[in-house]
$ cat query-v1.txt   # compact mmCIF, C-alpha atoms
# COMPACT_ATOMS: atom_id res chain seq x y z
CA MET A 1 -44.49 -53.10 22.96
CA ASN A 2 -47.81 -52.47 24.75
CA ARG A 3 -49.14 -48.99 25.43
CA SER A 4 -48.78 -49.19 29.22
CA LEU A 5 -45.07 -49.95 28.89
CA ILE A 6 -44.63 -47.08 26.43
CA ALA A 7 -46.35 -44.74 28.85
CA ILE A 8 -44.02 -45.80 31.66
CA LEU A 9 -40.97 -45.23 29.47
CA LEU A 10 -42.17 -41.77 28.47
CA VAL A 11 -42.40 -40.84 32.14
CA TRP A 12 -39.17 -42.41 33.39
CA TRP A 13 -36.84 -42.21 30.40
CA PRO A 14 -36.05 -38.46 30.79
CA LEU A 15 -35.30 -39.06 34.47
CA LEU A 16 -32.96 -41.93 33.64
CA LEU A 17 -31.21 -39.79 31.08
CA GLY A 18 -31.04 -36.91 33.53
CA ALA A 19 -28.81 -38.95 35.83
CA GLN A 20 -26.23 -39.06 33.02
CA VAL A 21 -26.52 -35.47 31.81
CA LYS A 22 -23.24 -33.60 31.63
CA THR A 23 -23.24 -30.16 33.21
CA LEU A 24 -21.72 -26.71 33.18
CA ASP A 25 -21.07 -25.88 36.85
CA PHE A 26 -20.84 -22.11 37.36
CA SER A 27 -19.55 -20.57 40.60
CA CYS A 28 -19.71 -16.80 41.04
CA GLU A 29 -18.19 -14.73 43.80
CA VAL A 30 -18.46 -10.94 44.11
CA SER A 31 -16.40 -8.96 46.61
CA GLY A 32 -18.31 -8.13 49.75
CA SER A 33 -16.54 -4.77 50.19
CA GLU A 34 -18.17 -1.34 50.09
CA PHE A 35 -17.66 -1.43 46.34
CA SER A 36 -20.29 -4.14 45.98
CA ARG A 37 -23.03 -2.06 47.58
CA GLY A 38 -25.33 -0.84 44.86
CA LEU A 39 -23.46 -2.89 42.27
CA LYS A 40 -25.54 -3.75 39.20
CA SER A 41 -24.68 -7.03 37.52
CA ASP A 42 -25.80 -9.23 34.66
CA VAL A 43 -24.28 -12.71 34.43
CA TYR A 44 -25.66 -15.47 32.22
CA VAL A 45 -24.89 -18.38 29.92
CA VAL A 46 -26.31 -18.65 26.40
CA SER A 47 -26.75 -22.22 25.14
CA PRO A 48 -26.35 -23.23 21.48
CA ASP A 49 -30.14 -23.12 21.04
CA GLY A 50 -30.20 -19.47 22.16
CA SER A 51 -31.73 -20.07 25.59
CA LYS A 52 -30.31 -17.94 28.42
CA THR A 53 -29.62 -19.08 31.98
CA VAL A 54 -29.12 -16.27 34.49
CA VAL A 55 -26.48 -16.69 37.22
CA SER A 56 -26.93 -14.72 40.44
CA SER A 57 -23.94 -12.50 41.24
CA GLN A 58 -25.18 -10.50 44.22
CA LYS A 59 -23.25 -12.81 46.52
CA GLU A 60 -21.38 -16.08 46.33
CA SER A 61 -23.57 -18.45 44.32
CA LYS A 62 -23.50 -21.58 42.21
CA LYS A 63 -25.50 -22.65 39.17
CA THR A 64 -25.66 -25.98 37.35
CA ILE A 65 -26.65 -25.91 33.67
CA PRO A 66 -27.29 -29.18 31.78
CA LEU A 67 -25.19 -29.62 28.64
CA THR A 68 -27.83 -31.03 26.33
CA GLU A 69 -26.46 -30.30 22.86
CA ASP A 70 -23.19 -29.85 21.02
CA GLY A 71 -22.04 -26.34 20.22
CA CYS A 72 -20.74 -23.14 21.79
CA TYR A 73 -21.92 -22.01 25.21
CA LYS A 74 -21.34 -18.28 25.73
CA VAL A 75 -20.50 -16.97 29.20
CA PHE A 76 -21.36 -13.28 29.60
CA CYS A 77 -20.80 -11.02 32.61
CA ALA A 78 -21.40 -7.31 33.09
CA PHE A 79 -20.89 -5.16 36.20
CA GLU A 80 -21.73 -1.48 36.60
CA THR A 81 -21.15 1.11 39.32
CA LYS A 82 -21.42 4.88 39.42
CA GLU A 83 -17.72 5.18 40.16
CA TYR A 84 -16.31 2.87 37.46
CA GLY A 85 -19.09 2.64 34.90
CA LEU A 86 -19.87 -0.48 32.87
CA ASP A 87 -17.44 -3.42 32.74
CA THR A 88 -18.22 -6.43 30.51
CA LEU A 89 -16.57 -9.65 29.38
CA SER A 90 -17.80 -12.61 27.34
CA LYS A 91 -16.18 -15.92 26.43
CA GLU A 92 -17.29 -18.94 24.41
CA VAL A 93 -16.53 -22.56 25.21
CA PHE A 94 -17.28 -25.47 22.86
CA PHE A 95 -19.03 -28.58 24.11
CA CYS A 96 -18.94 -31.94 22.34
CA ASN A 97 -20.74 -34.78 24.07
CA LYS A 98 -18.28 -37.44 22.88
CA GLU A 99 -15.17 -35.71 24.24
CA VAL A 100 -16.18 -33.43 27.12
CA ILE A 101 -17.16 -34.81 30.52
CA GLY A 102 -18.28 -31.41 31.82
CA ILE A 103 -17.41 -27.72 32.13
CA LYS A 104 -16.54 -25.69 35.23
CA VAL A 105 -16.72 -21.88 35.28
CA GLN A 106 -15.28 -19.72 38.05
CA LEU A 107 -16.09 -16.00 38.12
CA LYS A 108 -14.65 -13.68 40.76
CA TYR A 109 -15.18 -9.95 40.70
CA GLY A 110 -13.81 -7.27 43.01
CA LYS A 111 -12.93 -3.59 43.13
CA ASP A 112 -9.72 -3.76 41.10
CA SER A 113 -9.94 -6.95 39.06
CA GLY A 114 -12.08 -9.66 37.53
CA PHE A 115 -11.22 -13.34 37.15
CA LEU A 116 -12.97 -15.68 34.70
CA LEU A 117 -11.67 -19.25 34.42
CA ILE A 118 -13.35 -21.84 32.20
CA GLN A 119 -12.21 -25.45 32.56
CA ARG A 120 -13.30 -28.17 30.16
CA ILE A 121 -13.09 -31.64 31.72
CA MET A 122 -12.10 -33.98 28.90
CA GLU A 123 -12.15 -37.73 28.38
CA PRO A 124 -8.63 -39.19 28.80
CA ASP A 125 -6.62 -40.60 25.92
CA PRO A 126 -6.87 -44.41 25.63
CA GLY A 127 -3.08 -44.55 25.69
CA VAL A 128 -2.78 -42.86 29.10
CA GLU A 129 -3.15 -45.44 31.88
CA LEU A 130 -3.42 -45.10 35.65
CA VAL A 131 -2.96 -48.10 37.98
CA TYR A 132 -2.73 -48.53 41.74
CA SER A 133 0.74 -49.37 43.00
CA THR A 134 1.08 -49.52 46.78
CA PHE A 135 0.18 -47.90 50.11
CA PHE A 136 2.28 -46.97 53.14
CA PRO A 137 0.18 -45.98 56.18
CA GLN A 138 3.09 -44.04 57.71
CA GLY A 139 5.92 -41.85 56.54
CA TYR A 140 6.33 -38.43 54.95
CA TYR A 141 5.02 -39.64 51.59
CA ARG A 142 2.47 -42.09 52.93
CA GLY A 143 0.63 -42.85 49.71
CA PRO A 144 -1.41 -44.29 48.19
CA PHE A 145 0.93 -44.49 45.19
CA PHE A 146 -0.12 -44.93 41.59
CA THR A 147 1.67 -45.30 38.27
CA ILE A 148 0.67 -43.19 35.29
CA THR A 149 1.91 -44.39 31.90
CA ASN A 150 1.84 -42.35 28.72
CA ASN A 151 1.44 -44.53 25.65
CA SER A 152 -0.23 -41.74 23.69
CA GLN A 153 1.41 -39.61 21.01
CA ASP A 154 1.27 -36.43 23.14
CA THR A 155 3.49 -35.17 25.92
CA VAL A 156 1.50 -35.11 29.16
CA TYR A 157 1.75 -32.38 31.82
CA GLY A 158 0.63 -32.32 35.46
CA ARG A 159 -2.14 -30.08 36.70
CA TYR A 160 -0.05 -28.00 39.10
CA LEU A 161 3.53 -28.62 37.98
CA SER A 162 4.49 -30.05 34.60
CA GLY A 163 6.29 -33.14 35.90
CA TYR A 164 4.16 -33.99 38.94
CA PHE A 165 0.83 -35.81 38.84
CA TRP A 166 -1.16 -35.02 41.97
CA GLY A 167 -4.80 -35.97 42.32
CA GLU A 168 -7.71 -36.41 44.72
CA VAL A 169 -9.27 -39.39 46.49
CA ALA A 170 -12.85 -40.35 47.45
CA ARG A 171 -14.32 -43.20 49.49
CA ILE A 172 -16.64 -45.68 47.73
CA GLN A 173 -19.40 -47.04 49.95
CA ASP A 174 -22.23 -49.27 48.74
CA GLY A 175 -21.13 -48.58 45.19
CA VAL A 176 -21.48 -44.80 45.59
CA CYS A 177 -18.45 -42.52 45.25
CA GLY A 178 -18.30 -39.78 47.87
CA GLU A 179 -16.70 -36.34 47.80
CA PHE A 180 -13.13 -36.09 46.52
CA ARG A 181 -10.39 -34.81 48.85
CA PRO A 182 -7.41 -33.12 47.19
CA GLY A 183 -4.79 -33.46 49.92
CA THR A 184 -2.11 -30.78 50.45
CA ILE A 185 -0.65 -29.12 47.35
CA ASP A 186 2.90 -27.75 47.61
CA THR A 187 4.31 -26.38 44.36
CA ASN A 188 7.78 -25.68 45.83
CA PHE A 189 9.23 -28.79 44.22
CA VAL A 190 12.30 -28.97 42.00
CA GLU A 191 11.58 -28.73 38.27
CA LYS A 192 10.86 -32.05 36.61
CA ASP A 193 10.28 -33.06 32.99
CA PRO A 194 6.71 -33.75 31.83
CA LEU A 195 5.65 -37.27 30.92
CA PHE A 196 6.88 -37.97 27.40
CA PRO A 197 5.37 -40.71 25.17
CA GLY A 198 6.50 -44.15 26.28
CA GLU A 199 7.33 -43.10 29.85
CA SER A 200 5.84 -43.80 33.28
CA THR A 201 5.98 -41.96 36.60
CA ASP A 202 4.42 -41.94 40.06
CA ALA A 203 1.13 -40.25 40.93
CA LEU A 204 0.03 -39.31 44.43
CA VAL A 205 -2.89 -37.82 46.36
CA GLY A 206 -1.82 -34.20 46.72
CA SER A 207 1.90 -33.66 47.14
CA PHE A 208 2.39 -36.01 50.10
CA GLY A 209 -0.48 -38.51 50.23
CA VAL A 210 -3.25 -38.77 52.82
CA ARG A 211 -4.31 -40.99 55.72
CA LEU A 212 -6.69 -43.73 54.60
CA TYR A 213 -8.47 -46.60 56.32
CA PRO A 214 -9.44 -50.03 54.96
CA GLY A 215 -12.05 -49.76 52.22
CA MET A 216 -12.67 -49.05 48.56
CA TYR A 217 -11.55 -45.75 47.05
CA ARG A 218 -11.39 -43.85 43.78
CA PHE A 219 -8.38 -41.78 42.75
CA LYS A 220 -8.82 -38.95 40.24
CA LEU A 221 -6.33 -36.66 38.59
CA PHE A 222 -6.21 -34.19 35.73
CA TYR A 223 -3.43 -34.01 33.19
CA GLN A 224 -2.93 -31.56 30.34
CA LYS A 225 -1.42 -31.45 26.90
CA LYS A 226 -0.05 -27.93 27.38
CA PRO A 227 2.45 -26.67 30.00
CA THR A 228 0.01 -24.20 31.54
CA SER A 229 -1.56 -24.35 34.98
CA PHE A 230 -5.08 -25.78 34.81
CA ASP A 231 -6.20 -23.43 37.59
CA SER A 232 -4.67 -20.17 36.38
CA ALA A 233 -6.01 -17.31 34.28
CA SER A 234 -3.84 -14.99 32.18
CA LEU A 235 -4.07 -11.22 32.09
CA LEU A 236 -6.54 -10.31 29.34
CA TYR A 237 -6.42 -6.53 29.61
CA ASP A 238 -5.52 -3.69 31.97
CA ASN A 239 -7.14 -0.31 31.39
CA GLY A 240 -5.37 1.39 34.31
CA ARG A 241 -8.36 1.09 36.62
CA ARG A 242 -9.20 -2.57 36.32
CA LYS A 243 -7.59 -5.83 35.28
CA TRP A 244 -9.38 -8.84 33.77
CA TYR A 245 -7.81 -12.30 34.02
CA CYS A 246 -9.36 -14.90 31.72
CA SER A 247 -8.47 -18.31 30.31
CA VAL A 248 -10.03 -21.49 28.92
CA HIS A 249 -8.16 -24.70 29.78
CA ASP A 250 -8.65 -28.36 28.90
CA GLY A 251 -7.95 -30.92 31.62
CA TYR A 252 -8.09 -34.66 30.93
CA GLN A 253 -9.65 -36.59 33.81
CA ILE A 254 -8.45 -40.11 34.54
CA THR A 255 -9.54 -42.31 37.47
CA CYS A 256 -8.52 -45.52 39.19
CA ASP A 257 -10.47 -47.56 41.76
CA PHE A 258 -8.44 -49.35 44.43
CA GLU A 259 -8.75 -51.07 47.81
CA ILE A 260 -6.92 -50.46 51.07
CA LYS A 261 -6.78 -53.73 53.01
CA GLU A 262 -6.31 -54.51 56.70
CA SER A 263 -3.07 -56.26 55.75
CA ASP A 264 -1.65 -52.94 54.50
CA PHE A 265 -1.38 -51.87 58.15
CA SER A 266 0.43 -55.05 59.31
CA PRO A 267 4.16 -54.83 60.03
CA LYS A 268 6.16 -55.82 56.96
CA MET A 269 8.42 -58.79 57.57
CA GLY A 270 11.90 -58.64 56.09
CA ASN A 271 13.57 -61.49 54.27
CA ASN A 272 15.33 -64.00 56.49

$ encode --input "query-v1.txt" --output "structure tokens"
Amino acid sequence: MNRSLIAILLVWWPLLLGAQVKTLDFSCEVSGSEFSRGLKSDVYVVSPDGSKTVVSSQKESKKTIPLTEDGCYKVFCAFETKEYGLDTLSKEVFFCNKEVIGIKVQLKYGKDSGFLLIQRIMEPDPGVELVYSTFFPQGYYRGPFFTITNNSQDTVYGRYLSGYFWGEVARIQDGVCGEFRPGTIDTNFVEKDPLFPGESTDALVGSFGVRLYPGMYRFKLFYQKKPTSFDSASLLYDNGRRKWYCSVHDGYQITCDFEIKESDFSPKMGNN
């Protein structure tokens, strides 16, 4: 390999790798009430190599941190006021490049409570399959419909309710996947068994489907291996003045690309 080519690779290779870097996406929201005036805060993430990334918490903010090495990433937050004193919480989350797609952290802090939710987005099991089934442009449950099959050794649970598999959809244009839309989520459904090994069930965008037009799309959903809500945090402690809710959940992300055709909107002819 000649020197000019090596020089080009040295310049462009990190950029090419950067497009594939997995990230820790941190969103922070502090109450805008009178309590937040004069609030002192210290929020940061410590990487396995000891480096610290500060996250702004003076208002609603977001921070993206590249996950560049395996190990524990420590999330630390501290808030202090004259009225309530110092309030701190820290949590560690393990990252492994071969299993984890990314990490999402949500931190909310107000006068009476704090909420810290850490979600690891995991690679799906090879035995869990998701395929496109059909699409009805009209009706209460309009679709698109998918079939999720569990050929793994684990029982599989839905993100919102154990027996229901509701996901999000995004348009694909010129090979680029756009922003995912979740549809409407309604958890007032009758109780249903989770997906046991060897079983299949329907999957849908949100609880009722969404309106789509001809084109290419990508469907995404999260399933779990535990019967706990992927988006909930459990009460960690209550000292009489403040409550902290905190949890770390694993969600397994599975996707399916599909096409809505013009013929899907044509009247269906019955059998003669």

$ residues_around --input "query-v1.txt" --residues "Glu123 in chain A" --least-positions-apart "4" --cutoff "12 Å" --atoms "all atoms listed in the file" --output "list of chain:residue names"
A:Cys96, A:Asn97, A:Lys98, A:Glu99, A:Val100, A:Ile101, A:Gly102, A:Ile103, A:Gly127, A:Val128, A:Leu221, A:Phe222, A:Tyr223, A:Gln224, A:Asp250, A:Gly251, A:Tyr252, A:Gln253, A:Ile254, A:Thr255

$ atom_distance --input "query-v1.txt" --atom1 "CA of Asp231 in chain A" --atom2 "CA of Phe95 in chain A"
19.3 Å

$ atom_distance --input "query-v1.txt" --atom1 "CA of Leu235 in chain A" --atom2 "CA of Leu117 in chain A"
11.3 Å

$ closest_residue --input "query-v1.txt" --among "A:Lys261, A:Lys220, A:Lys40, A:Lys243" --to "Leu89 in chain A" --atoms "only C-alpha atoms"
A:Lys243

$ closest_residue --input "query-v1.txt" --among "A:Ser56, A:Gly163, A:Gln106, A:Cys28" --to "Asp193 in chain A" --atoms "all atoms listed in the file"
A:Gly163

$ atom_distance --input "query-v1.txt" --atom1 "CA of Phe196 in chain A" --atom2 "CA of Ala170 in chain A"
28.2 Å

$ residues_near_point --input "query-v1.txt" --point "(-19.8, -22.0, 25.1)" --cutoff "9 Å" --atoms "only C-alpha atoms" --output "VMD selection string"
chain A and resid 45 to 48 71 to 75 91 to 95

$ closest_residue --input "query-v1.txt" --among "A:Lys63, A:Gln58, A:Arg241, A:Val248" --to "Tyr84 in chain A" --atoms "all atoms listed in the file"
A:Arg241

$ closest_residue --input "query-v1.txt" --among "A:Ser162, A:Ser207, A:Thr88, A:Thr53" --to "Gly183 in chain A" --atoms "all atoms listed in the file"
A:Ser207

$ decode --input "query-v1.txt" --residues "range 100-112 of chain A" --atoms "all heavy atoms" --output "short mmCIF file (atom, residue, chain, number, x, y, z; two decimals), in the first residue's frame"
data_model
loop_
_atom_site.label_atom_id
_atom_site.label_comp_id
_atom_site.auth_asym_id
_atom_site.auth_seq_id
_atom_site.Cartn_x
_atom_site.Cartn_y
_atom_site.Cartn_z
N VAL A 100 -24.92 -4.76 22.84
CA VAL A 100 -25.70 -3.55 23.08
C VAL A 100 -25.68 -2.64 21.86
O VAL A 100 -24.61 -2.28 21.36
CB VAL A 100 -25.17 -2.79 24.32
CG1 VAL A 100 -26.07 -1.60 24.64
CG2 VAL A 100 -25.09 -3.72 25.53
N ILE A 101 -26.85 -2.26 21.38
CA ILE A 101 -26.96 -1.34 20.25
C ILE A 101 -26.72 0.09 20.70
O ILE A 101 -26.10 0.89 20.01
CB ILE A 101 -28.35 -1.47 19.59
CG1 ILE A 101 -28.53 -2.88 19.02
CG2 ILE A 101 -28.52 -0.43 18.49
CD1 ILE A 101 -29.92 -3.14 18.47
N GLY A 102 -27.19 0.44 21.89
CA GLY A 102 -27.02 1.79 22.42
C GLY A 102 -27.65 1.88 23.80
O GLY A 102 -28.27 0.92 24.29
N ILE A 103 -27.51 3.04 24.44
CA ILE A 103 -28.05 3.27 25.77
C ILE A 103 -28.78 4.60 25.77
O ILE A 103 -28.29 5.59 25.23
CB ILE A 103 -26.94 3.28 26.84
CG1 ILE A 103 -26.19 1.95 26.86
CG2 ILE A 103 -27.51 3.60 28.22
CD1 ILE A 103 -24.96 1.95 27.75
N LYS A 104 -29.97 4.63 26.38
CA LYS A 104 -30.72 5.86 26.55
C LYS A 104 -30.90 6.14 28.04
O LYS A 104 -31.25 5.25 28.80
CB LYS A 104 -32.09 5.77 25.86
CG LYS A 104 -31.99 5.71 24.34
CD LYS A 104 -33.37 5.76 23.70
CE LYS A 104 -33.26 5.72 22.18
NZ LYS A 104 -32.57 6.89 21.63
N VAL A 105 -30.64 7.39 28.43
CA VAL A 105 -30.78 7.81 29.82
C VAL A 105 -31.78 8.97 29.88
O VAL A 105 -31.65 9.94 29.14
CB VAL A 105 -29.43 8.25 30.42
CG1 VAL A 105 -29.61 8.73 31.86
CG2 VAL A 105 -28.42 7.11 30.37
N GLN A 106 -32.75 8.85 30.76
CA GLN A 106 -33.71 9.93 31.00
C GLN A 106 -33.61 10.36 32.46
O GLN A 106 -33.76 9.53 33.36
CB GLN A 106 -35.14 9.47 30.72
CG GLN A 106 -35.40 9.04 29.29
CD GLN A 106 -36.84 8.58 29.11
OE1 GLN A 106 -37.78 9.27 29.49
NE2 GLN A 106 -37.00 7.40 28.54
N LEU A 107 -33.35 11.64 32.68
CA LEU A 107 -33.27 12.19 34.02
C LEU A 107 -34.27 13.34 34.14
O LEU A 107 -34.22 14.29 33.36
CB LEU A 107 -31.86 12.71 34.33
CG LEU A 107 -31.68 13.49 35.63
CD1 LEU A 107 -31.99 12.62 36.85
CD2 LEU A 107 -30.27 14.05 35.74
N LYS A 108 -35.17 13.23 35.11
CA LYS A 108 -36.13 14.30 35.39
C LYS A 108 -36.03 14.63 36.87
O LYS A 108 -35.99 13.73 37.71
CB LYS A 108 -37.55 13.89 35.02
CG LYS A 108 -37.76 13.62 33.54
CD LYS A 108 -39.20 13.25 33.24
CE LYS A 108 -39.40 12.98 31.75
NZ LYS A 108 -40.82 12.62 31.44
N TYR A 109 -36.00 15.93 37.16
CA TYR A 109 -35.83 16.33 38.55
C TYR A 109 -36.74 17.51 38.86
O TYR A 109 -36.79 18.49 38.12
CB TYR A 109 -34.37 16.73 38.80
CG TYR A 109 -34.03 16.88 40.26
CD1 TYR A 109 -33.74 15.77 41.05
CD2 TYR A 109 -34.02 18.13 40.86
CE1 TYR A 109 -33.45 15.91 42.39
CE2 TYR A 109 -33.72 18.27 42.20
CZ TYR A 109 -33.43 17.15 42.97
OH TYR A 109 -33.14 17.29 44.30
N GLY A 110 -37.52 17.36 39.94
CA GLY A 110 -38.44 18.42 40.34
C GLY A 110 -38.39 18.64 41.84
O GLY A 110 -37.49 18.16 42.54
N LYS A 111 -39.39 19.37 42.35
CA LYS A 111 -39.36 19.76 43.76
C LYS A 111 -39.50 18.58 44.70
O LYS A 111 -38.86 18.53 45.76
CB LYS A 111 -40.48 20.76 44.02
CG LYS A 111 -40.50 21.28 45.45
CD LYS A 111 -41.54 22.36 45.63
CE LYS A 111 -41.53 22.89 47.06
NZ LYS A 111 -42.52 23.96 47.26
N ASP A 112 -40.33 17.61 44.35
CA ASP A 112 -40.64 16.51 45.26
C ASP A 112 -40.05 15.17 44.86
O ASP A 112 -40.08 14.22 45.66
CB ASP A 112 -42.16 16.36 45.41
CG ASP A 112 -42.81 17.62 45.92
OD1 ASP A 112 -42.29 18.19 46.90
OD2 ASP A 112 -43.82 18.04 45.33
#
